[in-house]
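Student: Pasting a structure below so you can have a look.
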2 protein chains.
Amino acid sequence: MAVTYAARLARLIEALRRLPGVGPKTAQRMAFHLLDRDREGAQRLVAALGEALAGIGRCPECRMYCEDGRCLYCTEARTATGQVCVVESPADLVAIENAAGYRGRYFVLLGRLSPLDGVGPAELGLDVLQRQLEGGGVRELIIATNPTVEGEATAYYLAELARARGVKVTRIAHGVPLGGELEYVDGGTLARALSGRQPL
Amino acid sequence: MAVTYAARLARLIEALRRLPGVGPKTAQRMAFHLLDRDREGAQRLVAALGEALAGIGRCPECRMYCEDGRCLYCTEARTATGQVCVVESPADLVAIENAAGYRGRYFVLLGRLSPLDGVGPAELGLDVLQRQLEGGGVRELIIATNPTVEGEATAYYLAELARARGVKVTRIAHGVPLGGELEYVDGGTLARALSGRQPL
């Protein structure tokens, strides 16, 4: 597309394109929708973005978002379980929180170990986690990084970290998803399902 | 999803959901992306939305957007062609502008006649268009409403309006799209292509 928009419209479309998964056509559609049909929605988005940028920070304990210095996931009740579940991203935290009935604490890495991209233990906040493991309040570290090469490497690193401090480490199970049919499951997943078999 | 977010995050996700085509999952992804990886982009979006809301109005002549009282499409050169192309939406205008080599003026209806939804001639600004047709500067009205039932009804209404004022009316051609194969084109389109055949 080689459209020439007037200046303000061009800047609005450009700004919308920075949203994930939004290309030029979608950005134009969003801009026109807001201008033609939902100026109130646009106003609300301005307000919501403004207060989010100003008022959403990071929890120093778990690196999830926190507002007004309070983190939803570092409550006393959760800390009392002695469990800490390590995830790569806030979205992973929400997915687990949403589905799993898990009520312990979390630790959000905001990434995964990837030396080539300059992401080492410091970038993932592992010094913070290490201090918590040494503090004695953590009884089990549940590793829920993604089953990718980098996620597995991160999992091994975390396991070492915890084991060296005498903390029990577990990894979430990988295998055939519920409702999945063996016939259509990829080989890697099947191999993991077999090697991870459990007594009935 | 029955996630509980903290207040500000919840409002941000809610505001993002008002964008067209954005459901709860996408809104969450956008919010996390902006908060984790692109706070500068979020800041820019705030600024762009703010200046768009304050500074983008409607051209009183063609109902397209205009900034600082200037409309890109109501220039003297375009007016001099004596052609006015009627489209349903700003996106239609951009599509034609982008592809067609057309250099006349436009008139954006911002809708189509739909009595059941309370959209009559007044809502489409047809009083403005009528005055332009009576003003004598328009030599050809090109109707480019969509080939839907309501778009066709609108086209007929517009044609009457122009004809009664002695202005030539044309309708953009409907038929087999370029690159389309006859075998896969729907019957309605084929019928239009046949009835609209032209001498070679």
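Note on naming: chains are A, B, ... as they come in the structure tokens, residues start from 1 per chain, ligands start from 1 in the order shown.
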Kindly determine which residues of chain A lie within 7 Å of chain B, considering only C-alpha atoms, and give the answer as a PDB file with all heavy atoms, in the first residue's frame.

Tutor:
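Result written to result_27.pdb:
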ATOM      1  N   ALA A   2       0.531   2.178  -0.842  1.00  0.00           N
ATOM      2  CA  ALA A   2       1.318   3.422  -0.896  1.00  0.00           C
ATOM      3  C   ALA A   2       0.375   4.592  -0.680  1.00  0.00           C
ATOM      4  O   ALA A   2       0.363   5.543  -1.438  1.00  0.00           O
ATOM      5  CB  ALA A   2       2.014   3.535  -2.238  1.00  0.00           C
ATOM      6  N   VAL A   3      -0.436   4.508   0.356  1.00  0.00           N
ATOM      7  CA  VAL A   3      -1.420   5.558   0.596  1.00  0.00           C
ATOM      8  C   VAL A   3      -0.740   6.772   1.217  1.00  0.00           C
ATOM      9  O   VAL A   3       0.166   6.633   2.016  1.00  0.00           O
ATOM     10  CB  VAL A   3      -2.497   5.091   1.593  1.00  0.00           C
ATOM     11  CG1 VAL A   3      -3.780   5.841   1.368  1.00  0.00           C
ATOM     12  CG2 VAL A   3      -2.687   3.607   1.512  1.00  0.00           C
ATOM     13  N   ARG A   8      -1.750  13.696  10.894  1.00  0.00           N
ATOM     14  CA  ARG A   8      -2.195  13.110  12.163  1.00  0.00           C
ATOM     15  C   ARG A   8      -2.699  11.685  11.969  1.00  0.00           C
ATOM     16  O   ARG A   8      -2.427  10.802  12.763  1.00  0.00           O
ATOM     17  CB  ARG A   8      -3.306  13.958  12.777  1.00  0.00           C
ATOM     18  CG  ARG A   8      -2.819  15.310  13.274  1.00  0.00           C
ATOM     19  CD  ARG A   8      -3.860  15.986  14.138  1.00  0.00           C
ATOM     20  NE  ARG A   8      -3.454  17.357  14.426  1.00  0.00           N
ATOM     21  CZ  ARG A   8      -3.729  18.399  13.650  1.00  0.00           C
ATOM     22  NH1 ARG A   8      -4.439  18.232  12.549  1.00  0.00           N
ATOM     23  NH2 ARG A   8      -3.308  19.603  13.960  1.00  0.00           N
ATOM     24  N   LEU A   9      -3.433  11.491  10.889  1.00  0.00           N
ATOM     25  CA  LEU A   9      -3.950  10.158  10.593  1.00  0.00           C
ATOM     26  C   LEU A   9      -2.789   9.196  10.363  1.00  0.00           C
ATOM     27  O   LEU A   9      -2.795   8.065  10.862  1.00  0.00           O
ATOM     28  CB  LEU A   9      -4.856  10.231   9.365  1.00  0.00           C
ATOM     29  CG  LEU A   9      -5.564   8.941   8.967  1.00  0.00           C
ATOM     30  CD1 LEU A   9      -6.420   8.409  10.097  1.00  0.00           C
ATOM     31  CD2 LEU A   9      -6.426   9.170   7.732  1.00  0.00           C
ATOM     32  N   ARG A  11       0.182   9.383  11.607  1.00  0.00           N
ATOM     33  CA  ARG A  11       0.845   9.050  12.872  1.00  0.00           C
ATOM     34  C   ARG A  11       0.009   8.083  13.696  1.00  0.00           C
ATOM     35  O   ARG A  11       0.538   7.202  14.366  1.00  0.00           O
ATOM     36  CB  ARG A  11       1.119  10.337  13.668  1.00  0.00           C
ATOM     37  CG  ARG A  11       2.339  11.093  13.148  1.00  0.00           C
ATOM     38  CD  ARG A  11       2.823  12.125  14.164  1.00  0.00           C
ATOM     39  NE  ARG A  11       1.876  13.213  14.304  1.00  0.00           N
ATOM     40  CZ  ARG A  11       1.889  14.336  13.568  1.00  0.00           C
ATOM     41  NH1 ARG A  11       2.794  14.520  12.644  1.00  0.00           N
ATOM     42  NH2 ARG A  11       0.993  15.275  13.765  1.00  0.00           N
ATOM     43  N   LEU A  12      -1.323   8.233  13.636  1.00  0.00           N
ATOM     44  CA  LEU A  12      -2.194   7.314  14.377  1.00  0.00           C
ATOM     45  C   LEU A  12      -2.050   5.887  13.832  1.00  0.00           C
ATOM     46  O   LEU A  12      -1.893   4.928  14.594  1.00  0.00           O
ATOM     47  CB  LEU A  12      -3.651   7.775  14.277  1.00  0.00           C
ATOM     48  CG  LEU A  12      -4.686   6.857  14.920  1.00  0.00           C
ATOM     49  CD1 LEU A  12      -4.375   6.624  16.396  1.00  0.00           C
ATOM     50  CD2 LEU A  12      -6.094   7.420  14.776  1.00  0.00           C
ATOM     51  N   ALA A  15       1.227   4.410  14.827  1.00  0.00           N
ATOM     52  CA  ALA A  15       1.263   4.029  16.249  1.00  0.00           C
ATOM     53  C   ALA A  15       0.494   2.728  16.472  1.00  0.00           C
ATOM     54  O   ALA A  15       0.914   1.869  17.253  1.00  0.00           O
ATOM     55  CB  ALA A  15       0.695   5.138  17.111  1.00  0.00           C
ATOM     56  N   LEU A  16      -0.631   2.559  15.769  1.00  0.00           N
ATOM     57  CA  LEU A  16      -1.413   1.327  15.932  1.00  0.00           C
ATOM     58  C   LEU A  16      -0.658   0.121  15.377  1.00  0.00           C
ATOM     59  O   LEU A  16      -0.816  -0.997  15.854  1.00  0.00           O
ATOM     60  CB  LEU A  16      -2.771   1.473  15.237  1.00  0.00           C
ATOM     61  CG  LEU A  16      -3.777   2.382  15.955  1.00  0.00           C
ATOM     62  CD1 LEU A  16      -4.927   2.753  15.042  1.00  0.00           C
ATOM     63  CD2 LEU A  16      -4.315   1.697  17.211  1.00  0.00           C
ATOM     64  N   ARG A  18       2.281  -0.632  15.780  1.00  0.00           N
ATOM     65  CA  ARG A  18       3.235  -1.198  16.737  1.00  0.00           C
ATOM     66  C   ARG A  18       2.599  -2.241  17.630  1.00  0.00           C
ATOM     67  O   ARG A  18       3.300  -2.969  18.343  1.00  0.00           O
ATOM     68  CB  ARG A  18       3.854  -0.090  17.572  1.00  0.00           C
ATOM     69  CG  ARG A  18       4.763   0.771  16.691  1.00  0.00           C
ATOM     70  CD  ARG A  18       5.427   1.846  17.459  1.00  0.00           C
ATOM     71  NE  ARG A  18       6.465   1.356  18.351  1.00  0.00           N
ATOM     72  CZ  ARG A  18       7.532   2.086  18.686  1.00  0.00           C
ATOM     73  NH1 ARG A  18       7.686   3.279  18.170  1.00  0.00           N
ATOM     74  NH2 ARG A  18       8.424   1.612  19.520  1.00  0.00           N
ATOM     75  N   LEU A  19       1.271  -2.344  17.630  1.00  0.00           N
ATOM     76  CA  LEU A  19       0.620  -3.413  18.387  1.00  0.00           C
ATOM     77  C   LEU A  19       0.945  -4.748  17.731  1.00  0.00           C
ATOM     78  O   LEU A  19       1.058  -4.823  16.514  1.00  0.00           O
ATOM     79  CB  LEU A  19      -0.895  -3.198  18.403  1.00  0.00           C
ATOM     80  CG  LEU A  19      -1.391  -1.975  19.175  1.00  0.00           C
ATOM     81  CD1 LEU A  19      -2.868  -1.741  18.896  1.00  0.00           C
ATOM     82  CD2 LEU A  19      -1.167  -2.161  20.656  1.00  0.00           C
ATOM     83  N   PRO A  20       1.110  -5.815  18.538  1.00  0.00           N
ATOM     84  CA  PRO A  20       1.474  -7.103  17.945  1.00  0.00           C
ATOM     85  C   PRO A  20       0.375  -7.630  17.032  1.00  0.00           C
ATOM     86  O   PRO A  20      -0.809  -7.549  17.360  1.00  0.00           O
ATOM     87  CB  PRO A  20       1.673  -8.007  19.166  1.00  0.00           C
ATOM     88  CG  PRO A  20       0.884  -7.354  20.249  1.00  0.00           C
ATOM     89  CD  PRO A  20       0.935  -5.881  19.988  1.00  0.00           C
ATOM     90  N   MET A  30      -8.556  -0.035  12.217  1.00  0.00           N
ATOM     91  CA  MET A  30      -8.717   0.387  13.610  1.00  0.00           C
ATOM     92  C   MET A  30      -8.853   1.905  13.704  1.00  0.00           C
ATOM     93  O   MET A  30      -9.713   2.419  14.420  1.00  0.00           O
ATOM     94  CB  MET A  30      -7.504  -0.062  14.426  1.00  0.00           C
ATOM     95  CG  MET A  30      -7.472  -1.546  14.695  1.00  0.00           C
ATOM     96  SD  MET A  30      -5.941  -1.998  15.539  1.00  0.00           S
ATOM     97  CE  MET A  30      -6.370  -3.674  16.069  1.00  0.00           C
ATOM     98  N   GLY A  41     -14.450   5.293  22.714  1.00  0.00           N
ATOM     99  CA  GLY A  41     -13.535   4.178  22.955  1.00  0.00           C
ATOM    100  C   GLY A  41     -12.091   4.622  22.835  1.00  0.00           C
ATOM    101  O   GLY A  41     -11.227   4.182  23.599  1.00  0.00           O
ATOM    102  N   ALA A  42     -11.819   5.492  21.864  1.00  0.00           N
ATOM    103  CA  ALA A  42     -10.458   6.002  21.691  1.00  0.00           C
ATOM    104  C   ALA A  42     -10.041   6.808  22.914  1.00  0.00           C
ATOM    105  O   ALA A  42      -8.918   6.684  23.413  1.00  0.00           O
ATOM    106  CB  ALA A  42     -10.384   6.857  20.433  1.00  0.00           C
ATOM    107  N   ARG A  44     -11.172   6.424  25.873  1.00  0.00           N
ATOM    108  CA  ARG A  44     -10.951   5.494  26.967  1.00  0.00           C
ATOM    109  C   ARG A  44      -9.597   4.806  26.860  1.00  0.00           C
ATOM    110  O   ARG A  44      -8.935   4.538  27.859  1.00  0.00           O
ATOM    111  CB  ARG A  44     -12.028   4.409  26.925  1.00  0.00           C
ATOM    112  CG  ARG A  44     -12.932   4.540  28.109  1.00  0.00           C
ATOM    113  CD  ARG A  44     -13.856   3.386  28.205  1.00  0.00           C
ATOM    114  NE  ARG A  44     -15.190   3.910  28.192  1.00  0.00           N
ATOM    115  CZ  ARG A  44     -16.258   3.191  28.454  1.00  0.00           C
ATOM    116  NH1 ARG A  44     -16.142   1.892  28.683  1.00  0.00           N
ATOM    117  NH2 ARG A  44     -17.432   3.730  28.468  1.00  0.00           N
ATOM    118  N   LEU A  45      -9.205   4.511  25.622  1.00  0.00           N
ATOM    119  CA  LEU A  45      -7.916   3.861  25.405  1.00  0.00           C
ATOM    120  C   LEU A  45      -6.785   4.794  25.818  1.00  0.00           C
ATOM    121  O   LEU A  45      -5.805   4.366  26.444  1.00  0.00           O
ATOM    122  CB  LEU A  45      -7.792   3.464  23.929  1.00  0.00           C
ATOM    123  CG  LEU A  45      -6.573   2.640  23.528  1.00  0.00           C
ATOM    124  CD1 LEU A  45      -6.410   1.412  24.390  1.00  0.00           C
ATOM    125  CD2 LEU A  45      -6.664   2.238  22.062  1.00  0.00           C
ATOM    126  N   VAL A  46      -6.933   6.074  25.491  1.00  0.00           N
ATOM    127  CA  VAL A  46      -5.927   7.059  25.906  1.00  0.00           C
ATOM    128  C   VAL A  46      -5.796   7.050  27.427  1.00  0.00           C
ATOM    129  O   VAL A  46      -4.690   6.964  27.977  1.00  0.00           O
ATOM    130  CB  VAL A  46      -6.311   8.477  25.429  1.00  0.00           C
ATOM    131  CG1 VAL A  46      -5.416   9.515  26.087  1.00  0.00           C
ATOM    132  CG2 VAL A  46      -6.207   8.582  23.919  1.00  0.00           C
ATOM    133  N   ALA A  48      -6.754   4.720  29.602  1.00  0.00           N
ATOM    134  CA  ALA A  48      -6.302   3.432  30.140  1.00  0.00           C
ATOM    135  C   ALA A  48      -4.806   3.245  29.921  1.00  0.00           C
ATOM    136  O   ALA A  48      -4.094   2.765  30.811  1.00  0.00           O
ATOM    137  CB  ALA A  48      -7.078   2.294  29.479  1.00  0.00           C
ATOM    138  N   LEU A  49      -4.323   3.627  28.728  1.00  0.00           N
ATOM    139  CA  LEU A  49      -2.891   3.508  28.459  1.00  0.00           C
ATOM    140  C   LEU A  49      -2.103   4.433  29.376  1.00  0.00           C
ATOM    141  O   LEU A  49      -1.081   4.034  29.935  1.00  0.00           O
ATOM    142  CB  LEU A  49      -2.596   3.882  26.998  1.00  0.00           C
ATOM    143  CG  LEU A  49      -2.808   2.789  25.958  1.00  0.00           C
ATOM    144  CD1 LEU A  49      -2.768   3.376  24.558  1.00  0.00           C
ATOM    145  CD2 LEU A  49      -1.732   1.715  26.093  1.00  0.00           C
ATOM    146  N   GLY A  50      -2.617   5.639  29.548  1.00  0.00           N
ATOM    147  CA  GLY A  50      -1.921   6.597  30.398  1.00  0.00           C
ATOM    148  C   GLY A  50      -1.785   6.095  31.826  1.00  0.00           C
ATOM    149  O   GLY A  50      -0.692   6.107  32.397  1.00  0.00           O
ATOM    150  N   GLU A  51      -2.887   5.598  32.377  1.00  0.00           N
ATOM    151  CA  GLU A  51      -2.798   5.174  33.777  1.00  0.00           C
ATOM    152  C   GLU A  51      -2.026   3.861  33.902  1.00  0.00           C
ATOM    153  O   GLU A  51      -1.386   3.615  34.918  1.00  0.00           O
ATOM    154  CB  GLU A  51      -4.190   5.074  34.430  1.00  0.00           C
ATOM    155  CG  GLU A  51      -5.072   4.015  33.868  1.00  0.00           C
ATOM    156  CD  GLU A  51      -6.275   3.716  34.781  1.00  0.00           C
ATOM    157  OE1 GLU A  51      -6.506   4.448  35.747  1.00  0.00           O
ATOM    158  OE2 GLU A  51      -6.972   2.716  34.489  1.00  0.00           O
ATOM    159  N   ALA A  52      -2.049   3.031  32.853  1.00  0.00           N
ATOM    160  CA  ALA A  52      -1.273   1.789  32.888  1.00  0.00           C
ATOM    161  C   ALA A  52       0.216   2.101  32.877  1.00  0.00           C
ATOM    162  O   ALA A  52       0.994   1.528  33.647  1.00  0.00           O
ATOM    163  CB  ALA A  52      -1.646   0.899  31.703  1.00  0.00           C
ATOM    164  N   ASN A  98      -5.338 -19.405  35.456  1.00  0.00           N
ATOM    165  CA  ASN A  98      -6.673 -19.522  34.919  1.00  0.00           C
ATOM    166  C   ASN A  98      -7.191 -20.940  34.918  1.00  0.00           C
ATOM    167  O   ASN A  98      -8.376 -21.189  35.013  1.00  0.00           O
ATOM    168  CB  ASN A  98      -6.615 -19.058  33.475  1.00  0.00           C
ATOM    169  CG  ASN A  98      -7.754 -18.173  33.172  1.00  0.00           C
ATOM    170  OD1 ASN A  98      -8.455 -17.792  34.081  1.00  0.00           O
ATOM    171  ND2 ASN A  98      -7.956 -17.882  31.927  1.00  0.00           N
TER     172      ASN A  98
END

Student: Taking the chain letters and numbering used in this document, name the residues of stretch 17-155 of chain B that DSSP puts in strand (DSSP E), as a PyMOL selection string.

Tutor: chain B and resi 56-58+65-67+83-87+105-108+140-143

Student: Create the file for the chosen residues now, containing N, CA, C and O atoms and written as a PDB file, in the first residue's frame.

Tutor:
ATOM      1  N   ILE B  56      -8.516  15.741  14.127  1.00  0.00           N
ATOM      2  CA  ILE B  56      -9.073  15.206  12.882  1.00  0.00           C
ATOM      3  C   ILE B  56     -10.583  15.428  12.887  1.00  0.00           C
ATOM      4  O   ILE B  56     -11.292  14.893  13.728  1.00  0.00           O
ATOM      5  N   GLY B  57     -11.041  16.246  11.967  1.00  0.00           N
ATOM      6  CA  GLY B  57     -12.472  16.496  11.858  1.00  0.00           C
ATOM      7  C   GLY B  57     -13.002  15.950  10.544  1.00  0.00           C
ATOM      8  O   GLY B  57     -12.382  15.082   9.937  1.00  0.00           O
ATOM      9  N   ARG B  58     -14.173  16.446  10.142  1.00  0.00           N
ATOM     10  CA  ARG B  58     -14.752  16.005   8.886  1.00  0.00           C
ATOM     11  C   ARG B  58     -14.768  17.163   7.911  1.00  0.00           C
ATOM     12  O   ARG B  58     -15.117  18.274   8.267  1.00  0.00           O
ATOM     13  N   TYR B  65     -12.049  12.680   6.334  1.00  0.00           N
ATOM     14  CA  TYR B  65     -11.374  13.371   7.415  1.00  0.00           C
ATOM     15  C   TYR B  65     -10.683  14.619   6.889  1.00  0.00           C
ATOM     16  O   TYR B  65     -10.231  14.649   5.750  1.00  0.00           O
ATOM     17  N   CYS B  66     -10.591  15.634   7.709  1.00  0.00           N
ATOM     18  CA  CYS B  66      -9.733  16.745   7.343  1.00  0.00           C
ATOM     19  C   CYS B  66      -8.991  17.222   8.581  1.00  0.00           C
ATOM     20  O   CYS B  66      -9.443  17.037   9.708  1.00  0.00           O
ATOM     21  N   GLU B  67      -7.807  17.744   8.363  1.00  0.00           N
ATOM     22  CA  GLU B  67      -6.968  18.227   9.460  1.00  0.00           C
ATOM     23  C   GLU B  67      -6.686  19.694   9.220  1.00  0.00           C
ATOM     24  O   GLU B  67      -6.392  20.101   8.106  1.00  0.00           O
ATOM     25  N   GLN B  83     -15.827  15.687 -11.522  1.00  0.00           N
ATOM     26  CA  GLN B  83     -16.253  14.337 -11.161  1.00  0.00           C
ATOM     27  C   GLN B  83     -16.348  14.203  -9.643  1.00  0.00           C
ATOM     28  O   GLN B  83     -15.490  14.691  -8.911  1.00  0.00           O
ATOM     29  N   VAL B  84     -17.404  13.533  -9.191  1.00  0.00           N
ATOM     30  CA  VAL B  84     -17.536  13.222  -7.775  1.00  0.00           C
ATOM     31  C   VAL B  84     -17.819  11.735  -7.648  1.00  0.00           C
ATOM     32  O   VAL B  84     -18.755  11.219  -8.267  1.00  0.00           O
ATOM     33  N   CYS B  85     -17.001  11.033  -6.877  1.00  0.00           N
ATOM     34  CA  CYS B  85     -17.175   9.588  -6.686  1.00  0.00           C
ATOM     35  C   CYS B  85     -17.762   9.355  -5.302  1.00  0.00           C
ATOM     36  O   CYS B  85     -17.171   9.757  -4.293  1.00  0.00           O
ATOM     37  N   VAL B  86     -18.919   8.703  -5.266  1.00  0.00           N
ATOM     38  CA  VAL B  86     -19.585   8.478  -3.985  1.00  0.00           C
ATOM     39  C   VAL B  86     -19.202   7.111  -3.440  1.00  0.00           C
ATOM     40  O   VAL B  86     -19.388   6.092  -4.112  1.00  0.00           O
ATOM     41  N   VAL B  87     -18.644   7.078  -2.218  1.00  0.00           N
ATOM     42  CA  VAL B  87     -18.282   5.812  -1.584  1.00  0.00           C
ATOM     43  C   VAL B  87     -18.966   5.705  -0.228  1.00  0.00           C
ATOM     44  O   VAL B  87     -19.437   6.704   0.314  1.00  0.00           O
ATOM     45  N   ARG B 105     -13.071  14.400  -7.234  1.00  0.00           N
ATOM     46  CA  ARG B 105     -13.431  14.534  -5.834  1.00  0.00           C
ATOM     47  C   ARG B 105     -14.174  13.287  -5.349  1.00  0.00           C
ATOM     48  O   ARG B 105     -14.478  12.378  -6.122  1.00  0.00           O
ATOM     49  N   TYR B 106     -14.448  13.258  -4.050  1.00  0.00           N
ATOM     50  CA  TYR B 106     -15.194  12.146  -3.465  1.00  0.00           C
ATOM     51  C   TYR B 106     -16.372  12.690  -2.682  1.00  0.00           C
ATOM     52  O   TYR B 106     -16.451  13.872  -2.349  1.00  0.00           O
ATOM     53  N   PHE B 107     -17.280  11.771  -2.365  1.00  0.00           N
ATOM     54  CA  PHE B 107     -18.273  12.068  -1.334  1.00  0.00           C
ATOM     55  C   PHE B 107     -18.444  10.802  -0.500  1.00  0.00           C
ATOM     56  O   PHE B 107     -18.794   9.739  -1.032  1.00  0.00           O
ATOM     57  N   VAL B 108     -18.164  10.913   0.794  1.00  0.00           N
ATOM     58  CA  VAL B 108     -18.202   9.737   1.671  1.00  0.00           C
ATOM     59  C   VAL B 108     -19.540   9.706   2.417  1.00  0.00           C
ATOM     60  O   VAL B 108     -19.853  10.625   3.181  1.00  0.00           O
ATOM     61  N   GLU B 140     -20.208  14.780 -13.473  1.00  0.00           N
ATOM     62  CA  GLU B 140     -20.456  13.334 -13.444  1.00  0.00           C
ATOM     63  C   GLU B 140     -20.438  12.831 -12.007  1.00  0.00           C
ATOM     64  O   GLU B 140     -19.505  13.121 -11.252  1.00  0.00           O
ATOM     65  N   LEU B 141     -21.476  12.083 -11.654  1.00  0.00           N
ATOM     66  CA  LEU B 141     -21.516  11.455 -10.332  1.00  0.00           C
ATOM     67  C   LEU B 141     -21.211   9.968 -10.536  1.00  0.00           C
ATOM     68  O   LEU B 141     -21.972   9.260 -11.199  1.00  0.00           O
ATOM     69  N   ILE B 142     -20.087   9.518  -9.965  1.00  0.00           N
ATOM     70  CA  ILE B 142     -19.687   8.111 -10.114  1.00  0.00           C
ATOM     71  C   ILE B 142     -20.071   7.380  -8.836  1.00  0.00           C
ATOM     72  O   ILE B 142     -19.574   7.712  -7.758  1.00  0.00           O
ATOM     73  N   ILE B 143     -20.953   6.405  -8.954  1.00  0.00           N
ATOM     74  CA  ILE B 143     -21.445   5.756  -7.739  1.00  0.00           C
ATOM     75  C   ILE B 143     -20.657   4.482  -7.468  1.00  0.00           C
ATOM     76  O   ILE B 143     -20.662   3.552  -8.279  1.00  0.00           O
TER      77      ILE B 143
END

Student: Quick check, in Å to one decimal: how far apart do atom CA of A:Gly120 and atom CA of A:Ala155 lie?

Tutor: 13.2 Å

Student: Give the answer as one residue: which of A:Pro177, A:Arg165, A:Leu116, A:Thr145 has the shortest atom-to-atom distance to A:Gln132, using only C-alpha atoms?

Tutor: A:Arg165

Student: Apply DSSP to the backbone of this structure and, from stretch 58-198 of chain B, keep only the residues in alpha helix (DSSP H); write these as a PyMOL selection string.

Tutor: chain B and resi 76-80+90-99+126-135+149-163+187-195

Student: Stretch 80-82 of chain B: which residues within 12 Å, counting only C-alpha atoms, same-chain residues fewer than 4 positions away excluded, as number ranges by chain?

Tutor: B: 73-76, 102-106, 132-133, 135-142, 167-168

Student: Restricting it to C-alpha atoms, dump the selection as a tab-separated table (two decimals), in the first residue's frame.

Tutor:
chain	number	residue	atom	x	y	z
B	73	TYR	CA	-9.38	15.38	-1.57
B	74	CYS	CA	-11.25	18.65	-2.10
B	75	THR	CA	-8.44	20.51	-3.86
B	76	GLU	CA	-9.06	22.91	-6.71
B	102	TYR	CA	-8.90	8.48	-10.28
B	103	ARG	CA	-8.21	12.14	-9.56
B	104	GLY	CA	-11.65	13.68	-9.06
B	105	ARG	CA	-13.43	14.53	-5.83
B	106	TYR	CA	-15.19	12.15	-3.47
B	132	GLN	CA	-23.31	20.40	-4.77
B	133	LEU	CA	-25.27	18.82	-7.62
B	135	GLY	CA	-24.39	24.22	-7.67
B	136	GLY	CA	-23.46	23.31	-11.24
B	137	GLY	CA	-19.81	22.32	-10.69
B	138	VAL	CA	-20.48	18.57	-10.89
B	139	ARG	CA	-20.53	17.02	-14.37
B	140	GLU	CA	-20.46	13.33	-13.44
B	141	LEU	CA	-21.52	11.46	-10.33
B	142	ILE	CA	-19.69	8.11	-10.11
B	167	VAL	CA	-26.11	15.48	-13.82
B	168	LYS	CA	-24.66	12.43	-15.60
